[in-house]
Amino acid sequence: MKINLRNYNYLRVFNASPEVRVADVDFNTEHILSLLQVANKEQADICLFPELAISSYSCNDLFFNSSLLDAVEESLEKIKVISKDIDALIVVGAPLRSSGRLFNCAVAINKGKILGIIPKKYIISTNEFYEERWFSSDIDRRFDTIKINNEIHPFGSDIILQSEERPDVRVGIEICEDLWAVKPPSLDLCLAGANVLLNLSASNELLSKSDYRRELVTTQSARTLSTYIYSSCGSGESTTDVIYSGHLINSENGKLLKETRNFDFDAHYIISDIDLEKIYNARLKNSSYGFEQPSFDYRILKFNISDKITDKVYREFDKNPFITEKGDKADGLVAEILDFQSTALAKRLLHINGKSVVLGISGGLDSTLALLVAYKTFQKLKLDVNNIYGLILPGLGSSERTNTNAIALNKNLGITSKVIDISDAVNNHFEDIDHDPSEISVVYENAQARERTQILMDYANKVNGIVVGTGDLSEIALGWSTYNADHMSMYNVNAGLPKTVIQFMIHTLCKWEEYKDISSILSDIVDTPISPELVPIQNNEIQNTEQIIGPYEVHDVILYYFIKHSFKPSKIFFILQRIFSDKYTNNELINWLEIFFKRFFSSQFKRSCIPDGIKIGSVSLSPRGDWRMPSDTVGKIWFSEIEKLRSEL
């Protein structure tokens, strides 16, 4: 399926480290032009090459030689001519003369024209670097223009490049050491509106330097709320006492998108479709972004790029975007979350001088995690775990599997366990309100949920404790709770965790040594279908939540991109297609997208009065914290867009 990248606010960047020979301008130019053809075939919007890529960085005193500098200008003319047929902004490094000085420059070329030339500001002369021997800083330039091949071009670091067709694309440029400085030019560039930052670099290799470089790039993209594209010289620059690896890095608002570090001598490149809407929305939400003004005014130079229609997307979409650490880092992530939750609950207990907690243990994911959190909290506070009261409340739809797991879990942890069957109490309640128990309706289901909550609350009074809530972030978003029942507690430890993260945590905990005695129980809980168990079992099948509202793995992706990045339904649907194309049909995804938005808008009244609960990730729906929305909001705009998507299928 072909798409227009612009429709989804994507911009395709191509950063390369070409094969290079020291001072061999013709060879270097040939390989730059070859990579430009690759970039054009891949429909790149921006092509970035390393610092002094035309001449090579390692020329030393040859930089003073007119033959070399004349050849560089001839090379720029060749690139300029070739660029007429390349639909991209091209940025390449070159040494250039101006007013009796030599500058280390980034040259911006587009559609047969040199748009502008940006000189390096911070000229490094430390240890193995001695650029001040040859180059002057942007601070030392005398004029705002420079003459190259008898043409006058804008010259200076006060330049931002803006797309004529896409005004949201604003490009700022800095060169190598500029990024490493105490006050990088990119800080002012971002304040002036640049959202795509390019760095042409010649950074040599030392032990662990690549880690620092990567951290520097990703941190700067986070600090500037931008995408940061970095291209460094390849191994062909290696000479005398230094080596280079051609480190290429693409980062977006603090997240590493792609990188490569290749110690061979061939050219290499990476391509990324960066998400400008993410950057734009991050800046909208960040109150400090608009607080400062840039130190000076920038000249805006326009370039042209057409829409890119393609069937390729150079971007990875995580199936579980809430989890950034995987594999060998899973244990650390889960341990950190448990520390968050147990510390939050401990603070509440310390504040009220509480010694007891009450939980409803269903044998499901959420109550299991909440129980483990309570257990860890009591260990932290050195409290008797007998004062953790795990109430098992089987009702009209409870299964033997979940009851068995709940009982076994309580027993193995050594907490106080009590089974209270609510069936008779609920049936008596049906008589009181004249409800026919054969009518399996919302009354039938909610009566059980409220009976359970009444018992939990009253039992908490009995033992002078608090009810610990178990409902998760996904349920809060979807309103998948009974108002004034499981919707309510005295403190909720799971409010900041979506269902898929809780699944991930329980699955990870199965492998921990400290939980080896309950490992098989936890494993079976993970494998149990998610259910509120409020409907009688039929044909050995329990009520299945995901068959009713759709898979949580889909809803959690929708939740993440809607709340975290404020994306439209159409863009969220595009992402869902990329993640789940081999698992679900487009019609299924559209249906679940509609279910999410309808339930989300109709359930705000529940979120407006949820109990205190710890914020854990960057997405929260607390009415006291991150999310403020009137309960009577009309969702027509979003529903109309979903209907349009359905009609286009």
# chains A, B, ... in the order shown; residues from 1 in each chain; ligands from 1

call {"tool": "residues_around", "arguments": {"residues": "Ile407 of chain A", "least_positions_apart": "3", "cutoff": "8 Å", "atoms": "only C-alpha atoms", "output": "tab-separated table (two decimals) with N, CA and C atoms, in the first residue's frame"}}
result
chain	number	residue	atom	x	y	z
A	392	ILE	N	-11.10	-13.28	48.81
A	392	ILE	CA	-11.50	-13.96	47.58
A	392	ILE	C	-13.02	-13.99	47.58
A	403	ASN	N	-10.29	-19.01	41.12
A	403	ASN	CA	-10.40	-19.18	42.57
A	403	ASN	C	-9.24	-20.01	43.12
A	404	THR	N	-8.90	-21.06	42.40
A	404	THR	CA	-7.79	-21.93	42.84
A	404	THR	C	-6.48	-21.14	42.87
A	410	ASN	N	-2.46	-16.57	47.85
A	410	ASN	CA	-2.55	-16.08	49.23
A	410	ASN	C	-1.80	-17.00	50.21
A	411	LYS	N	-2.02	-18.30	50.02
A	411	LYS	CA	-1.41	-19.27	50.93
A	411	LYS	C	0.11	-19.23	50.84
A	417	SER	N	-5.93	-14.87	54.38
A	417	SER	CA	-6.81	-15.13	53.25
A	417	SER	C	-8.21	-15.49	53.74

call {"tool": "select_by_dssp", "arguments": {"residues": "segment 235-424 of chain A", "states": "helix (DSSP H, G or I)", "output": "MDAnalysis selection string"}}
result
chainID A and resid 235:237 276:285 327:352 365:381 385:387 400:413 423:424

call {"tool": "write_last_selection", "arguments": {"atoms": "C-alpha atoms", "output": "PDB file, in the first residue's frame"}}
result
ATOM      1  CA  SER A 235      37.334   4.884   8.314  1.00  0.00           C
ATOM      2  CA  GLY A 236      38.936   6.340   5.189  1.00  0.00           C
ATOM      3  CA  GLU A 237      39.737   9.429   7.282  1.00  0.00           C
ATOM      4  CA  LEU A 276       7.448  15.888  13.000  1.00  0.00           C
ATOM      5  CA  GLU A 277       4.029  15.710  14.634  1.00  0.00           C
ATOM      6  CA  LYS A 278       5.628  14.142  17.706  1.00  0.00           C
ATOM      7  CA  ILE A 279       8.026  17.074  17.890  1.00  0.00           C
ATOM      8  CA  TYR A 280       5.301  19.635  17.308  1.00  0.00           C
ATOM      9  CA  ASN A 281       2.987  18.195  19.969  1.00  0.00           C
ATOM     10  CA  ALA A 282       5.840  17.828  22.459  1.00  0.00           C
ATOM     11  CA  ARG A 283       6.614  21.524  22.081  1.00  0.00           C
ATOM     12  CA  LEU A 284       2.951  22.460  22.443  1.00  0.00           C
ATOM     13  CA  LYS A 285       2.741  20.619  25.754  1.00  0.00           C
ATOM     14  CA  GLY A 327      15.333  -8.566  26.824  1.00  0.00           C
ATOM     15  CA  ASP A 328      18.082  -8.502  29.409  1.00  0.00           C
ATOM     16  CA  LYS A 329      16.814  -5.171  30.751  1.00  0.00           C
ATOM     17  CA  ALA A 330      13.337  -6.474  31.577  1.00  0.00           C
ATOM     18  CA  ASP A 331      14.263  -7.377  35.153  1.00  0.00           C
ATOM     19  CA  GLY A 332      15.564  -3.896  35.847  1.00  0.00           C
ATOM     20  CA  LEU A 333      12.439  -2.269  34.450  1.00  0.00           C
ATOM     21  CA  VAL A 334      10.097  -4.475  36.478  1.00  0.00           C
ATOM     22  CA  ALA A 335      12.136  -3.961  39.648  1.00  0.00           C
ATOM     23  CA  GLU A 336      11.976  -0.205  39.163  1.00  0.00           C
ATOM     24  CA  ILE A 337       8.203  -0.225  38.687  1.00  0.00           C
ATOM     25  CA  LEU A 338       7.750  -2.356  41.803  1.00  0.00           C
ATOM     26  CA  ASP A 339       9.902   0.127  43.724  1.00  0.00           C
ATOM     27  CA  PHE A 340       7.685   2.970  42.492  1.00  0.00           C
ATOM     28  CA  GLN A 341       4.491   1.206  43.499  1.00  0.00           C
ATOM     29  CA  SER A 342       5.648  -0.084  46.870  1.00  0.00           C
ATOM     30  CA  THR A 343       7.171   3.264  47.840  1.00  0.00           C
ATOM     31  CA  ALA A 344       3.945   5.067  46.942  1.00  0.00           C
ATOM     32  CA  LEU A 345       1.833   2.675  49.015  1.00  0.00           C
ATOM     33  CA  ALA A 346       4.341   2.817  51.874  1.00  0.00           C
ATOM     34  CA  LYS A 347       4.090   6.613  51.935  1.00  0.00           C
ATOM     35  CA  ARG A 348       0.319   6.432  52.183  1.00  0.00           C
ATOM     36  CA  LEU A 349       0.490   3.915  55.047  1.00  0.00           C
ATOM     37  CA  LEU A 350       3.109   5.961  56.880  1.00  0.00           C
ATOM     38  CA  HIS A 351       1.011   9.088  56.518  1.00  0.00           C
ATOM     39  CA  ILE A 352      -2.107   7.479  58.022  1.00  0.00           C
ATOM     40  CA  LEU A 365      -3.459 -10.087  36.506  1.00  0.00           C
ATOM     41  CA  ASP A 366      -4.276  -6.790  38.206  1.00  0.00           C
ATOM     42  CA  SER A 367      -5.073  -8.083  41.686  1.00  0.00           C
ATOM     43  CA  THR A 368      -2.028 -10.362  41.542  1.00  0.00           C
ATOM     44  CA  LEU A 369       0.328  -7.464  40.867  1.00  0.00           C
ATOM     45  CA  ALA A 370      -1.377  -5.311  43.509  1.00  0.00           C
ATOM     46  CA  LEU A 371      -0.924  -8.124  46.044  1.00  0.00           C
ATOM     47  CA  LEU A 372       2.782  -8.469  45.207  1.00  0.00           C
ATOM     48  CA  VAL A 373       3.145  -4.706  45.590  1.00  0.00           C
ATOM     49  CA  ALA A 374       1.442  -4.800  48.985  1.00  0.00           C
ATOM     50  CA  TYR A 375       3.692  -7.696  50.029  1.00  0.00           C
ATOM     51  CA  LYS A 376       6.817  -5.754  49.007  1.00  0.00           C
ATOM     52  CA  THR A 377       5.494  -2.675  50.803  1.00  0.00           C
ATOM     53  CA  PHE A 378       5.042  -4.565  54.065  1.00  0.00           C
ATOM     54  CA  GLN A 379       8.565  -5.946  53.752  1.00  0.00           C
ATOM     55  CA  LYS A 380       9.855  -2.416  53.171  1.00  0.00           C
ATOM     56  CA  LEU A 381       8.046  -1.127  56.255  1.00  0.00           C
ATOM     57  CA  VAL A 385       2.230  -9.703  56.263  1.00  0.00           C
ATOM     58  CA  ASN A 386      -0.649 -11.284  58.211  1.00  0.00           C
ATOM     59  CA  ASN A 387      -2.116  -7.786  58.109  1.00  0.00           C
ATOM     60  CA  GLU A 400     -12.600 -22.723  39.536  1.00  0.00           C
ATOM     61  CA  ARG A 401      -9.321 -21.813  37.806  1.00  0.00           C
ATOM     62  CA  THR A 402      -9.152 -18.255  39.092  1.00  0.00           C
ATOM     63  CA  ASN A 403     -10.402 -19.182  42.569  1.00  0.00           C
ATOM     64  CA  THR A 404      -7.791 -21.925  42.839  1.00  0.00           C
ATOM     65  CA  ASN A 405      -5.014 -19.559  41.765  1.00  0.00           C
ATOM     66  CA  ALA A 406      -6.189 -16.855  44.177  1.00  0.00           C
ATOM     67  CA  ILE A 407      -6.266 -19.269  47.141  1.00  0.00           C
ATOM     68  CA  ALA A 408      -2.867 -20.724  46.256  1.00  0.00           C
ATOM     69  CA  LEU A 409      -1.320 -17.275  45.832  1.00  0.00           C
ATOM     70  CA  ASN A 410      -2.546 -16.075  49.233  1.00  0.00           C
ATOM     71  CA  LYS A 411      -1.406 -19.272  50.933  1.00  0.00           C
ATOM     72  CA  ASN A 412       2.096 -19.217  49.445  1.00  0.00           C
ATOM     73  CA  LEU A 413       2.651 -15.578  50.369  1.00  0.00           C
ATOM     74  CA  SER A 423     -23.835 -15.329  45.456  1.00  0.00           C
ATOM     75  CA  ASP A 424     -26.515 -15.360  48.171  1.00  0.00           C
TER      76      ASP A 424
END

call {"tool": "select_by_dssp", "arguments": {"residues": "segment 196-263 of chain A", "states": "strand (DSSP E)", "output": "PyMOL selection string"}}
result
chain A and resi 196-201+227-232+248-252+255-260

call {"tool": "residues_around", "arguments": {"residues": "segment 474-485 of chain A", "least_positions_apart": "4", "cutoff": "8 Å", "atoms": "only C-alpha atoms", "output": "list in words"}}
result
Asn446, Ala449, Arg450, Glu451, Arg452, Thr453, Gln454, Ala495, Leu497, Pro498, Lys499, Tyr552, His555, Asp556, Leu559, Phe596, Arg599, Phe600, Ser602, Ser603, Gln604, Lys606, Arg607 and Leu621 of chain A

call {"tool": "closest_residue", "arguments": {"among": "A:Ser210, A:Asn250, A:Asn492, A:Thr545", "to": "Ile274 of chain A", "atoms": "only C-alpha atoms"}}
result
A:Asn250

call {"tool": "atom_distance", "arguments": {"atom1": "atom CA of Asp384 of chain A", "atom2": "atom CA of Gly354 of chain A"}}
result
11.8 Å

call {"tool": "residues_around", "arguments": {"residues": "segment 174-190 of chain A", "least_positions_apart": "6", "cutoff": "6 Å", "atoms": "only C-alpha atoms", "output": "ChimeraX atom specification"}}
result
/A:120,122,199-201,224,294

call {"tool": "residues_around", "arguments": {"residues": "Arg578 of chain A", "least_positions_apart": "2", "cutoff": "10 Å", "atoms": "only C-alpha atoms", "output": "ChimeraX atom specification"}}
result
/A:313,315-319,572-576,580-582

call {"tool": "write_last_selection", "arguments": {"atoms": "C-alpha atoms", "output": "compact mmCIF listing (two decimals), in the first residue's frame"}}
result
# COMPACT_ATOMS: atom_id res chain seq x y z
CA VAL A 313 8.15 3.13 5.93
CA ARG A 315 10.31 3.56 11.06
CA GLU A 316 9.79 0.93 13.73
CA PHE A 317 6.56 0.81 15.71
CA ASP A 318 6.69 -1.01 19.03
CA LYS A 319 3.93 -3.51 19.68
CA ILE A 572 -3.22 5.88 14.99
CA PHE A 573 -4.94 3.56 12.50
CA PHE A 574 -1.91 3.82 10.20
CA ILE A 575 0.33 2.77 13.12
CA LEU A 576 -2.02 -0.07 14.08
CA PHE A 580 -0.83 -5.75 13.56
CA SER A 581 -1.20 -6.30 9.80
CA ASP A 582 -0.30 -9.99 10.15
